[in-house]
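Here is data-v8.txt, consisting of compact mmCIF, C-alpha atoms and all ligand atoms:
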```
# COMPACT_ATOMS: atom_id res chain seq x y z
CA MET M 1 0.00 0.00 0.00
CA ASP M 2 1.32 3.39 -1.01
CA ILE M 3 0.52 5.59 2.01
CA ILE M 4 1.53 8.79 0.23
CA LYS M 5 -0.77 8.04 -2.72
CA LEU M 6 -3.50 7.06 -0.28
CA GLU M 7 -3.13 10.35 1.60
CA LYS M 8 -3.56 12.24 -1.69
CA TYR M 9 -6.55 10.11 -2.64
CA LEU M 10 -8.32 10.79 0.68
CA SER M 11 -7.81 14.52 0.40
CA GLU M 12 -9.08 14.58 -3.21
CA LYS M 13 -12.19 12.66 -2.09
CA GLY M 14 -12.74 15.23 0.67
CA GLU M 15 -12.47 12.63 3.46
CA LYS M 16 -12.14 14.03 6.99
CA SER M 17 -8.51 14.39 8.13
CA TYR M 18 -8.98 11.90 11.00
CA ARG M 19 -9.57 9.12 8.44
CA LEU M 20 -5.88 9.06 7.57
CA LYS M 21 -5.01 8.73 11.26
CA GLN M 22 -7.48 5.83 11.57
CA ILE M 23 -5.93 4.15 8.53
CA LYS M 24 -2.38 4.56 9.83
CA LYS M 25 -3.42 3.13 13.19
CA ALA M 26 -5.08 0.14 11.54
CA VAL M 27 -2.11 -0.62 9.25
CA PHE M 28 0.90 0.24 11.41
CA CYS M 29 -0.35 -0.33 14.98
CA ASP M 30 -3.17 -2.91 14.74
CA LEU M 31 -1.24 -4.61 11.89
CA ILE M 32 -4.39 -5.54 9.97
CA SER M 33 -3.97 -8.18 7.30
CA ASP M 34 -6.94 -6.99 5.20
CA TRP M 35 -9.04 -3.83 5.03
CA GLU M 36 -12.03 -5.60 6.57
CA GLY M 37 -10.03 -5.53 9.80
CA ALA M 38 -10.03 -1.70 9.80
CA THR M 39 -13.33 -1.61 11.67
CA ALA M 40 -13.12 2.09 12.54
CA LEU M 41 -13.66 2.91 8.85
CA PRO M 42 -17.06 2.93 7.11
CA LYS M 43 -17.79 -0.26 5.16
CA GLU M 44 -17.91 1.62 1.85
CA LEU M 45 -14.43 3.10 2.33
CA ARG M 46 -13.06 -0.31 3.31
CA GLY M 47 -14.38 -1.69 0.02
CA ILE M 48 -12.70 1.09 -1.97
CA LEU M 49 -9.40 0.63 -0.15
CA GLU M 50 -9.47 -3.13 -0.76
CA LYS M 51 -9.82 -2.45 -4.48
CA GLU M 52 -7.59 0.61 -4.92
CA PHE M 53 -4.97 0.13 -2.21
CA PRO M 54 -4.33 -3.59 -1.67
CA LEU M 55 -2.29 -4.13 1.49
CA PHE M 56 0.19 -6.64 0.11
CA GLY M 57 2.42 -6.28 -2.92
CA MET M 58 4.74 -9.13 -2.01
CA PHE M 59 4.52 -12.58 -0.45
CA ALA M 60 6.75 -14.55 1.88
CA GLU M 61 7.64 -17.67 -0.13
CA LYS M 62 9.68 -19.14 2.66
CA VAL M 63 10.33 -18.42 6.32
CA LEU M 64 13.37 -20.09 7.89
CA GLU M 65 14.18 -20.14 11.60
CA SER M 66 17.73 -20.67 12.88
CA LYS M 67 18.35 -23.68 15.12
CA ASN M 68 19.09 -21.59 18.20
CA GLY M 69 15.98 -19.45 17.58
CA ASP M 70 17.84 -16.13 17.49
CA SER M 71 17.05 -15.30 13.88
CA VAL M 72 14.41 -15.72 11.22
CA LYS M 73 14.81 -15.16 7.50
CA ALA M 74 11.95 -14.41 5.13
CA VAL M 75 12.34 -14.83 1.39
CA PHE M 76 9.85 -12.57 -0.39
CA ARG M 77 8.60 -12.87 -3.94
CA LEU M 78 7.93 -9.38 -5.29
CA GLY M 79 5.05 -8.53 -7.62
CA ASP M 80 7.35 -8.82 -10.66
CA GLY M 81 8.79 -12.21 -9.67
CA ASN M 82 12.08 -10.93 -8.19
CA PHE M 83 13.15 -12.23 -4.79
CA ILE M 84 14.55 -10.44 -1.75
CA GLU M 85 15.48 -11.58 1.73
CA THR M 86 14.92 -9.95 5.12
CA VAL M 87 16.21 -11.08 8.51
CA LEU M 88 14.82 -10.72 12.01
CA MET M 89 17.47 -10.81 14.74
CA LYS M 90 16.31 -11.45 18.29
CA HIS M 91 18.82 -10.11 20.78
CA LEU M 92 19.35 -11.71 24.19
CA GLN M 93 18.13 -8.56 25.91
CA GLY M 94 14.73 -8.99 24.21
CA ARG M 95 15.24 -6.38 21.48
CA ASN M 96 14.25 -7.17 17.90
CA THR M 97 16.16 -5.85 14.90
CA VAL M 98 15.05 -6.23 11.29
CA CYS M 99 17.75 -6.23 8.63
CA LEU M 100 16.18 -4.79 5.49
CA SER M 101 16.89 -5.06 1.79
CA SER M 102 16.79 -1.86 -0.25
CA GLN M 103 17.29 -3.36 -3.72
CA ALA M 104 16.63 -6.68 -5.45
CA GLY M 105 20.22 -7.73 -6.15
CA CYS M 106 23.06 -5.22 -6.10
CA ALA M 107 25.39 -3.70 -8.64
CA MET M 108 28.33 -3.24 -6.27
CA LYS M 109 29.92 -6.70 -6.71
CA CYS M 110 31.63 -6.88 -3.31
CA GLY M 111 33.67 -10.08 -3.49
CA PHE M 112 32.53 -11.47 -0.11
CA CYS M 113 28.79 -10.99 -0.71
CA ALA M 114 26.26 -13.37 -2.25
CA THR M 115 23.97 -10.49 -3.29
CA GLY M 116 26.83 -8.84 -5.16
CA LYS M 117 27.16 -11.93 -7.37
CA GLN M 118 23.67 -11.43 -8.78
CA GLY M 119 23.97 -7.95 -10.21
CA LEU M 120 21.19 -5.40 -9.77
CA LYS M 121 17.62 -6.40 -10.64
CA ARG M 122 15.91 -3.22 -9.49
CA ASN M 123 15.36 -0.71 -6.70
CA LEU M 124 12.69 -1.53 -4.12
CA THR M 125 9.83 0.90 -3.66
CA ALA M 126 9.33 2.58 -0.27
CA GLU M 127 6.28 0.34 0.27
CA GLU M 128 8.29 -2.81 -0.41
CA ILE M 129 10.82 -1.68 2.18
CA VAL M 130 8.11 -0.84 4.75
CA ASP M 131 6.34 -4.16 4.06
CA GLN M 132 9.44 -6.06 5.20
CA VAL M 133 9.15 -4.41 8.62
CA LEU M 134 5.38 -4.96 8.87
CA PHE M 135 5.83 -8.64 7.98
CA PHE M 136 8.07 -9.15 11.00
CA ALA M 137 5.89 -6.99 13.23
CA ARG M 138 3.03 -9.40 12.37
CA TYR M 139 5.35 -12.38 12.80
CA LEU M 140 6.12 -11.19 16.34
CA SER M 141 2.39 -10.49 16.81
CA THR M 142 3.28 -7.03 18.10
CA SER M 143 4.70 -3.89 16.62
CA ASP M 144 7.78 -4.60 18.77
CA VAL M 145 10.40 -4.08 16.11
CA ASP M 146 12.95 -2.04 18.05
CA ASN M 147 15.55 -1.33 15.38
CA ILE M 148 15.92 -1.51 11.64
CA VAL M 149 19.19 -1.69 9.75
CA PHE M 150 19.65 -1.25 6.02
CA MET M 151 22.27 -3.98 5.82
CA GLY M 152 20.44 -6.55 3.71
CA MET M 153 20.44 -6.84 -0.06
CA GLY M 154 21.41 -3.74 -2.04
CA GLU M 155 23.19 -0.43 -1.56
CA PRO M 156 20.73 1.94 0.20
CA PHE M 157 22.34 5.14 -1.13
CA LEU M 158 21.77 3.96 -4.70
CA ASN M 159 18.04 3.85 -3.92
CA TYR M 160 18.21 7.04 -1.88
CA ASP M 161 14.72 8.53 -2.29
CA ASN M 162 12.81 5.31 -1.62
CA VAL M 163 14.97 4.47 1.40
CA LEU M 164 14.42 7.96 2.85
CA SER M 165 10.66 7.76 2.16
CA SER M 166 10.46 4.40 3.93
CA ILE M 167 12.32 5.87 6.93
CA ARG M 168 9.85 8.78 7.12
CA ILE M 169 6.87 6.40 6.89
CA LEU M 170 8.24 4.13 9.65
CA ASN M 171 9.15 7.11 11.84
CA ASP M 172 5.69 8.73 11.53
CA LYS M 173 4.26 9.32 15.03
CA ASP M 174 0.73 8.49 13.82
CA GLY M 175 1.91 5.24 12.28
CA PHE M 176 4.63 2.75 13.15
CA ASN M 177 6.43 5.36 15.28
CA LEU M 178 9.88 3.80 15.12
CA GLY M 179 12.43 6.09 16.80
CA ILE M 180 14.75 7.73 14.28
CA ARG M 181 17.82 6.83 16.37
CA HIS M 182 16.83 3.18 16.03
CA ILE M 183 17.41 3.26 12.28
CA SER M 184 20.81 2.54 10.71
CA ILE M 185 21.97 2.81 7.12
CA SER M 186 25.04 1.00 5.93
CA THR M 187 26.81 2.04 2.73
CA CYS M 188 29.72 0.52 0.84
CA GLY M 189 31.01 4.08 0.50
CA ILE M 190 28.84 6.01 -1.97
CA ILE M 191 30.20 9.51 -1.31
CA PRO M 192 27.36 11.53 -2.94
CA GLY M 193 24.92 9.55 -0.75
CA ILE M 194 26.91 10.31 2.41
CA GLU M 195 27.02 14.01 1.50
CA LYS M 196 23.28 14.16 0.81
CA PHE M 197 22.47 12.21 3.96
CA ALA M 198 24.54 14.65 6.05
CA GLY M 199 22.19 17.44 4.96
CA GLU M 200 18.95 15.62 5.89
CA ASN M 201 19.05 16.64 9.53
CA LEU M 202 17.98 13.12 10.53
CA GLN M 203 19.29 11.40 13.65
CA CYS M 204 19.71 8.02 11.90
CA ASN M 205 22.93 6.04 12.33
CA LEU M 206 25.45 5.75 9.53
CA ALA M 207 27.68 2.71 8.99
CA ILE M 208 30.43 2.29 6.43
CA SER M 209 31.33 -1.15 5.07
CA LEU M 210 35.09 -0.75 5.26
CA HIS M 211 36.71 -4.22 5.36
CA SER M 212 40.20 -2.93 4.63
CA ALA M 213 42.20 0.17 5.50
CA ASP M 214 44.36 0.10 2.39
CA ASP M 215 43.22 0.99 -1.10
CA GLU M 216 44.81 -1.98 -2.84
CA THR M 217 43.06 -4.64 -0.76
CA ARG M 218 39.81 -2.68 -0.51
CA SER M 219 39.59 -2.22 -4.28
CA LYS M 220 39.99 -5.98 -4.71
CA LEU M 221 37.30 -6.71 -2.15
CA MET M 222 35.00 -3.83 -3.09
CA PRO M 223 35.27 -2.46 -6.63
CA ILE M 224 33.48 0.75 -5.52
CA ASN M 225 36.78 1.74 -3.86
CA LYS M 226 38.21 2.44 -7.32
CA THR M 227 35.57 5.16 -7.77
CA TYR M 228 35.59 6.42 -4.18
CA PRO M 229 39.01 5.64 -2.65
CA LEU M 230 39.67 5.68 1.08
CA ALA M 231 41.07 9.21 1.37
CA ASP M 232 37.95 10.69 -0.31
CA LEU M 233 35.65 8.40 1.65
CA MET M 234 37.16 9.39 5.00
CA LYS M 235 36.94 13.06 4.05
CA ALA M 236 33.23 12.64 3.32
CA VAL M 237 32.74 10.82 6.65
CA ASP M 238 34.54 13.62 8.52
CA GLU M 239 32.33 16.20 6.82
CA TYR M 240 29.28 14.14 7.84
CA ILE M 241 30.51 14.11 11.47
CA LYS M 242 31.17 17.85 11.37
CA LYS M 243 27.61 18.50 10.22
CA THR M 244 25.80 15.97 12.41
CA ASN M 245 28.11 15.36 15.37
CA ARG M 246 27.01 11.72 15.16
CA LYS M 247 29.06 8.58 15.68
CA VAL M 248 29.92 6.57 12.55
CA MET M 249 30.29 2.79 12.56
CA PHE M 250 32.87 1.03 10.40
CA GLU M 251 32.04 -2.57 9.55
CA TYR M 252 35.05 -4.88 9.14
CA LEU M 253 34.69 -8.53 8.09
CA LEU M 254 37.68 -10.58 9.15
CA ILE M 255 38.76 -12.75 6.20
CA ASP M 256 41.59 -15.20 6.71
CA GLY M 257 44.82 -14.05 5.07
CA VAL M 258 43.14 -11.13 3.29
CA ASN M 259 42.67 -8.35 5.86
CA ASP M 260 43.40 -9.86 9.28
CA SER M 261 47.17 -9.47 9.77
CA LYS M 262 48.93 -7.30 12.38
CA GLU M 263 49.78 -4.83 9.60
CA ASP M 264 46.09 -4.67 8.67
CA ALA M 265 45.20 -3.91 12.30
CA LEU M 266 47.89 -1.19 12.42
CA LYS M 267 46.61 0.41 9.20
CA LEU M 268 43.06 0.30 10.52
CA ALA M 269 44.08 1.87 13.84
CA LYS M 270 45.87 4.66 11.94
CA LEU M 271 42.74 5.36 9.91
CA MET M 272 40.42 5.38 12.96
CA LYS M 273 41.62 8.71 14.30
CA ASN M 274 38.33 10.41 15.08
CA SER M 275 36.80 9.87 18.54
CA LEU M 276 33.37 9.46 16.89
CA TYR M 277 34.54 6.48 14.82
CA HIS M 278 33.63 3.01 16.04
CA VAL M 279 34.73 -0.30 14.51
CA ASN M 280 32.47 -3.36 14.41
CA LEU M 281 34.46 -6.50 13.72
CA ILE M 282 32.43 -9.25 12.06
CA LYS M 283 33.20 -12.88 11.43
CA TYR M 284 33.27 -13.67 7.70
CA HIS M 285 30.47 -16.04 6.67
CA ASP M 286 30.77 -18.52 3.86
CA THR M 287 28.55 -17.45 0.96
CA GLY M 288 28.93 -20.81 -0.79
CA LEU M 289 29.40 -18.79 -3.96
CA ALA M 290 33.00 -17.71 -3.69
CA ARG M 291 34.52 -20.75 -5.33
CA ASN M 292 34.22 -19.66 -8.92
CA ALA M 293 37.62 -19.16 -10.53
CA SER M 294 36.55 -15.82 -12.02
CA ASN M 295 35.34 -14.24 -8.81
CA LEU M 296 36.87 -11.46 -6.81
CA ALA M 297 38.24 -13.82 -4.20
CA CYS M 298 40.82 -14.66 -6.83
CA GLU M 299 41.48 -10.99 -7.47
CA ALA M 300 42.30 -10.75 -3.77
CA GLY M 301 44.91 -13.44 -4.41
CA ARG M 302 42.90 -16.38 -3.08
CA ALA M 303 40.84 -19.16 -4.56
CA ASP M 304 38.33 -18.77 -1.77
CA PHE M 305 37.57 -16.73 1.32
CA LYS M 306 37.56 -18.28 4.76
CA PRO M 307 36.74 -16.78 8.15
CA SER M 308 39.77 -15.77 10.20
CA PRO M 309 40.36 -18.36 12.95
CA GLN M 310 39.21 -17.41 16.44
CA THR M 311 42.79 -16.78 17.69
CA LYS M 312 43.45 -14.30 14.87
CA ARG M 313 40.11 -12.58 15.45
CA THR M 314 40.96 -12.15 19.12
CA GLN M 315 44.48 -10.90 18.33
CA PHE M 316 43.08 -8.37 15.84
CA PHE M 317 40.53 -7.14 18.37
CA ASP M 318 43.13 -6.91 21.20
CA MET M 319 45.55 -5.01 19.00
CA LEU M 320 42.93 -2.42 18.02
CA LYS M 321 41.96 -2.01 21.69
CA LYS M 322 45.61 -1.55 22.66
CA LEU M 323 45.98 1.09 19.96
CA GLY M 324 43.05 3.02 21.42
CA VAL M 325 40.40 2.20 18.80
CA SER M 326 36.77 2.08 19.90
CA VAL M 327 35.87 -1.46 18.79
CA THR M 328 33.38 -4.26 19.41
CA PHE M 329 32.77 -7.71 17.95
CA ARG M 330 29.39 -7.90 16.30
CA VAL M 331 27.45 -11.03 17.18
CA SER M 332 26.63 -13.13 14.11
CA PHE M 333 23.03 -14.14 13.54
CA GLY M 334 21.52 -16.85 11.36
CA GLU M 335 24.59 -18.42 9.72
CA ASP M 336 22.83 -21.81 9.53
CA ILE M 337 19.96 -20.34 7.49
CA SER M 338 22.27 -18.26 5.26
CA ALA M 339 20.97 -15.10 6.90
CA ALA M 340 24.25 -13.69 8.19
CA CYS M 341 26.20 -10.74 6.85
CA GLY M 342 27.07 -11.28 3.17
CA GLN M 343 24.96 -14.43 2.75
CA LEU M 344 21.66 -13.00 1.45
CA ALA M 345 21.06 -14.18 -2.08
CA GLY M 346 17.30 -13.87 -2.68
CA LYS M 347 16.77 -17.57 -3.31
CA VAL M 348 13.79 -19.65 -2.27
CA VAL M 349 15.80 -22.79 -1.59
CA ARG M 350 19.34 -22.52 -0.26
S1 LIG N 401 27.96 -5.93 0.52
FE1 LIG N 401 26.22 -4.56 0.17
S2 LIG N 401 26.96 -3.13 -1.39
FE2 LIG N 401 28.36 -4.91 -1.44
S3 LIG N 401 27.50 -6.27 -3.01
FE3 LIG N 401 26.66 -6.92 -1.03
S4 LIG N 401 24.70 -5.86 -0.89
FE4 LIG N 401 25.90 -4.80 -2.47
```

Any chance you could put this one into C-alpha cells?
Ligand code: SF4
Amino acid sequence: MDIIKLEKYLSEKGEKSYRLKQIKKAVFCDLISDWEGATALPKELRGILEKEFPLFGMFAEKVLESKNGDSVKAVFRLGDGNFIETVLMKHLQGRNTVCLSSQAGCAMKCGFCATGKQGLKRNLTAEEIVDQVLFFARYLSTSDVDNIVFMGMGEPFLNYDNVLSSIRILNDKDGFNLGIRHISISTCGIIPGIEKFAGENLQCNLAISLHSADDETRSKLMPINKTYPLADLMKAVDEYIKKTNRKVMFEYLLIDGVNDSKEDALKLAKLMKNSLYHVNLIKYHDTGLARNASNLACEAGRADFKPSPQTKRTQFFDMLKKLGVSVTFRVSFGEDISAACGQLAGKVVR
C-alpha cells in the first residue's frame, strides 16, 4: 500500500482528516492483514481501499528459523517475480532488529557478498521496504520491532529517495512510530549519498562497510573503492561528522589471510583517528558462492575466502583495543539459514 498516494486520494475525495489517522493506526499499529479488519472505517471506504490500495504487494515464499531461535529469515517474492530476503534478529536482551533489503540484487559486486554476485535487478519501492518491517511486526504479533538496519540486499544510497521515504513512513508518530535513532543505514562508500544524507538533519545512524584500511586490498574486495578511494571516503565521513556530530560505525569482516594481519590492524588503527569512529568486527560467513575461478576472491589473491580463525580474530581485536580504537565484535546471527552478513542471495531454496 502506497501511504503517500493514499493520503492524496483521501484529500481529493474530501475525506475528513482523521480518516488518515485511523488508517495509519489500523495498518501500522493494529497490523491488519486486510481492510475488513479496519473496523473504525465505514464499510464503503473499506471496500474502496481493498480495491484501490491492496495491502500486500509481495509474499513470503519461505520463512526459515535458525536452530538456536535467534534469527528468522523471510524470502519474499515481489510482484514482478524478483526475490529479496529480510532477517529478524532477536537479541538476548529482548530487542528485535530487522535487517532490510533496499534493492533486489546489487550492482556493487563486493567479493565477499552473495547479493553482489547477482547484479542489480531493481530498486525496491518505499512500500516494499516498509512491508518487510510490517511482515516481522506481524510475525512477532506485536509492533515490537525495536531497530531496523539497512544492511540486507542492495546499496541503500543507490536507492536514496525510496529508502528515505520508507524511513519517514516508519518514523511517523501516527503510524509505526519507530524512533529515528533506532534506524541505521550502511553504505559501501557512496560519497554523494553520504554528503546528501549529512544534509537531511535526521538522527539516523550511519555505517560504512570498510573491510580494509588500504586501497589496494579494498579495491579488490569492493570495486566501488576504485571510484571512491579511502582518502575521499574518510573526508566525506569527517564532513558528515562535522555537520551531524554523530558517531559513525565502520564494519570490518575478518577474512583469513586477506585483511586480518597485524599490519592490517595497524593500518586500521591509523585510519580510525576520530573519537566518533567506532569499529564493528564481524566474522566472515561462507557465501557458498565464492569458489568460482573468475570471482573477486581470486582478485584478492585467493581461490576462496575463509573466516579468520578465532585466535586471529581475538588478536586483531586486542591489538585495536591496545591502539586506542573504539571497537566491538558484532554477534553473528543466522549463519545456519544463510541469513548472516554477506549471505543473502534472494533464493527460495538454499
Ligand atoms: S555488501 Fe552490500 S553493497 Fe556490497 S554487493 Fe553486497 S549488498 Fe551490495

Contacts of M:Thr97 at 6 Å (all atoms listed in the file; same-chain gap of 2+ positions) as a VMD selection string = chain M and resid 88 to 89 146 to 148

request  = Could you tell me how far atom CA of M:Cys106 lies from atom CA of M:Ser186, in Å and to one decimal?
outcome  =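 Taking atom CA of M:Cys106 as the start and atom CA of M:Ser186 as the end point, the length is 13.7 Å.
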
request  = Can you pull out every residue within 10 Å of M:Asp30, counting all atoms listed in the file, but drop anything in the same chain fewer than 6 positions away, and send it as a ChimeraX atom specification?
outcome  = /M:23-24,37-38,138,141-143,175-176

message = For a quick check of understanding, using only C-alpha atoms, which of M:Leu253, M:Ala126, M:Ala104, M:Ile282 has the smallest distance to M:Ile169?
response =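 Looking at the shortest contact to M:Ile169, the residue is M:Ala126.
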
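Separating atom CA of M:Ala198 from atom FE4 of ligand LIG 401 (chain N) is a distance of 21.3 Å.
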
message = As a quick test: using all atoms listed in the file, which residues lie no more than 7 Å away from ligand LIG 401 (chain N)? Give them as a list in words.
response =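 Result of the 7 Å neighbour search around ligand LIG 401 (chain N): Cys106, Ala107, Met108, Lys109, Cys110, Cys113, Ala114, Thr115, Gly116, Met151, Gly152, Met153, Gly154, Glu155, Thr187, Cys188, Met222 and Gly342 of chain M.
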
Output C-alpha atoms for every residue in that selection, as a PDB file, in the frame of the given file.
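Saved file result.pdb follows:
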```pdb
ATOM      1  CA  CYS M 106      23.060  -5.220  -6.100  1.00  0.00           C
ATOM      2  CA  ALA M 107      25.390  -3.700  -8.640  1.00  0.00           C
ATOM      3  CA  MET M 108      28.330  -3.240  -6.270  1.00  0.00           C
ATOM      4  CA  LYS M 109      29.920  -6.700  -6.710  1.00  0.00           C
ATOM      5  CA  CYS M 110      31.630  -6.880  -3.310  1.00  0.00           C
ATOM      6  CA  CYS M 113      28.790 -10.990  -0.710  1.00  0.00           C
ATOM      7  CA  ALA M 114      26.260 -13.370  -2.250  1.00  0.00           C
ATOM      8  CA  THR M 115      23.970 -10.490  -3.290  1.00  0.00           C
ATOM      9  CA  GLY M 116      26.830  -8.840  -5.160  1.00  0.00           C
ATOM     10  CA  MET M 151      22.270  -3.980   5.820  1.00  0.00           C
ATOM     11  CA  GLY M 152      20.440  -6.550   3.710  1.00  0.00           C
ATOM     12  CA  MET M 153      20.440  -6.840  -0.060  1.00  0.00           C
ATOM     13  CA  GLY M 154      21.410  -3.740  -2.040  1.00  0.00           C
ATOM     14  CA  GLU M 155      23.190  -0.430  -1.560  1.00  0.00           C
ATOM     15  CA  THR M 187      26.810   2.040   2.730  1.00  0.00           C
ATOM     16  CA  CYS M 188      29.720   0.520   0.840  1.00  0.00           C
ATOM     17  CA  MET M 222      35.000  -3.830  -3.090  1.00  0.00           C
ATOM     18  CA  GLY M 342      27.070 -11.280   3.170  1.00  0.00           C
TER      19      GLY M 342
END
```

Taking every listed atom of stretch 310-325 of chain M and adding 6 Å to each side, what centre and edge lengths in Å (one decimal) does the axis-aligned box have, as AutoDock Vina command-line options?
```
--center_x 42.6 --center_y -7.2 --center_z 18.8 --size_x 18.8 --size_y 32.4 --size_z 19.8
```

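With all atoms listed in the file as the basis for measurement, M:Asp336 is the residue among M:Glu50, M:Asp336, M:Glu85, M:Glu44 that approaches M:Ser66 most closely.
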
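With distances taken over all atoms listed in the file, M:Asp172 is the one residue among M:Asp286, M:Asp172, M:Glu239, M:Glu52 lying closest to M:Lys25.
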
request  = Would you mind listing what lies within 9 Å of M:Leu134 as a ChimeraX atom specification, with all atoms listed in the file counted and same-chain residues fewer than 5 positions away left out?
outcome  = /M:27-28,31,139,143,145,176

key: Straight-line distance linking atom CA of M:Asp174 with atom CA of M:Asn159, stated in Å to one decimal   = 25.2 Å

request  = Find the residue from M:Arg330, M:Lys242, M:Lys90, M:Arg313 that sits nearest to M:Glu65; use all atoms listed in the file when measuring.
outcome  =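 Comparing M:Arg330, M:Lys242, M:Lys90, M:Arg313 against M:Glu65, the winner is M:Lys90.
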
task = Write out as number ranges by chain each polymer residue whose atoms come within 9 Å of M:Thr125, counting all atoms listed in the file; drop sequence neighbours fewer than 6 positions from it.
result = M: 102-103, 159, 162-163, 166

message = For a cutoff of 12 Å around the file-coordinate point (29.7, 14.9, 10.7), which residues qualify once you count all atoms listed in the file? I'd like the result as an NGL selection string.
response = :M and (194-203 or 205-206 or 234-248 or 274-277)

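When all atoms listed in the file are used to compute distances to M:Leu6, the closest of the residues M:Glu36, M:Asp264, M:Glu127, M:Asp144 turns out to be M:Glu127.
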
Protein and nucleic acid residues near (47.4, -3.5, -2.7) (cut-off 12 Å, all atoms listed in the file) as an NGL selection string = :M and (212-221 or 225-226 or 258-259 or 264 or 299-301)

Go ahead and save the residues from that selection, with C-alpha atoms, as a PDB file, in the coordinates of the input.
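Saved to part27.pdb:
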```pdb
ATOM      1  CA  SER M 212      40.200  -2.930   4.630  1.00  0.00           C
ATOM      2  CA  ALA M 213      42.200   0.170   5.500  1.00  0.00           C
ATOM      3  CA  ASP M 214      44.360   0.100   2.390  1.00  0.00           C
ATOM      4  CA  ASP M 215      43.220   0.990  -1.100  1.00  0.00           C
ATOM      5  CA  GLU M 216      44.810  -1.980  -2.840  1.00  0.00           C
ATOM      6  CA  THR M 217      43.060  -4.640  -0.760  1.00  0.00           C
ATOM      7  CA  ARG M 218      39.810  -2.680  -0.510  1.00  0.00           C
ATOM      8  CA  SER M 219      39.590  -2.220  -4.280  1.00  0.00           C
ATOM      9  CA  LYS M 220      39.990  -5.980  -4.710  1.00  0.00           C
ATOM     10  CA  LEU M 221      37.300  -6.710  -2.150  1.00  0.00           C
ATOM     11  CA  ASN M 225      36.780   1.740  -3.860  1.00  0.00           C
ATOM     12  CA  LYS M 226      38.210   2.440  -7.320  1.00  0.00           C
ATOM     13  CA  VAL M 258      43.140 -11.130   3.290  1.00  0.00           C
ATOM     14  CA  ASN M 259      42.670  -8.350   5.860  1.00  0.00           C
ATOM     15  CA  ASP M 264      46.090  -4.670   8.670  1.00  0.00           C
ATOM     16  CA  GLU M 299      41.480 -10.990  -7.470  1.00  0.00           C
ATOM     17  CA  ALA M 300      42.300 -10.750  -3.770  1.00  0.00           C
ATOM     18  CA  GLY M 301      44.910 -13.440  -4.410  1.00  0.00           C
TER      19      GLY M 301
END
```

ask   = Do you know which residues are at most 7 Å from M:Val149 counting all atoms listed in the file, after dropping those on the same chain fewer than 5 positions away, and could you put them as a list in words?
value = Val98, Cys99, Leu100, Ile183, Ser184 and Ile185 of chain M

query = Nearest to M:Gly57 among M:Pro309, M:Gly94, M:Gly81, M:Pro192, with distances taken over all atoms listed in the file: which residue is it?
reply = M:Gly81
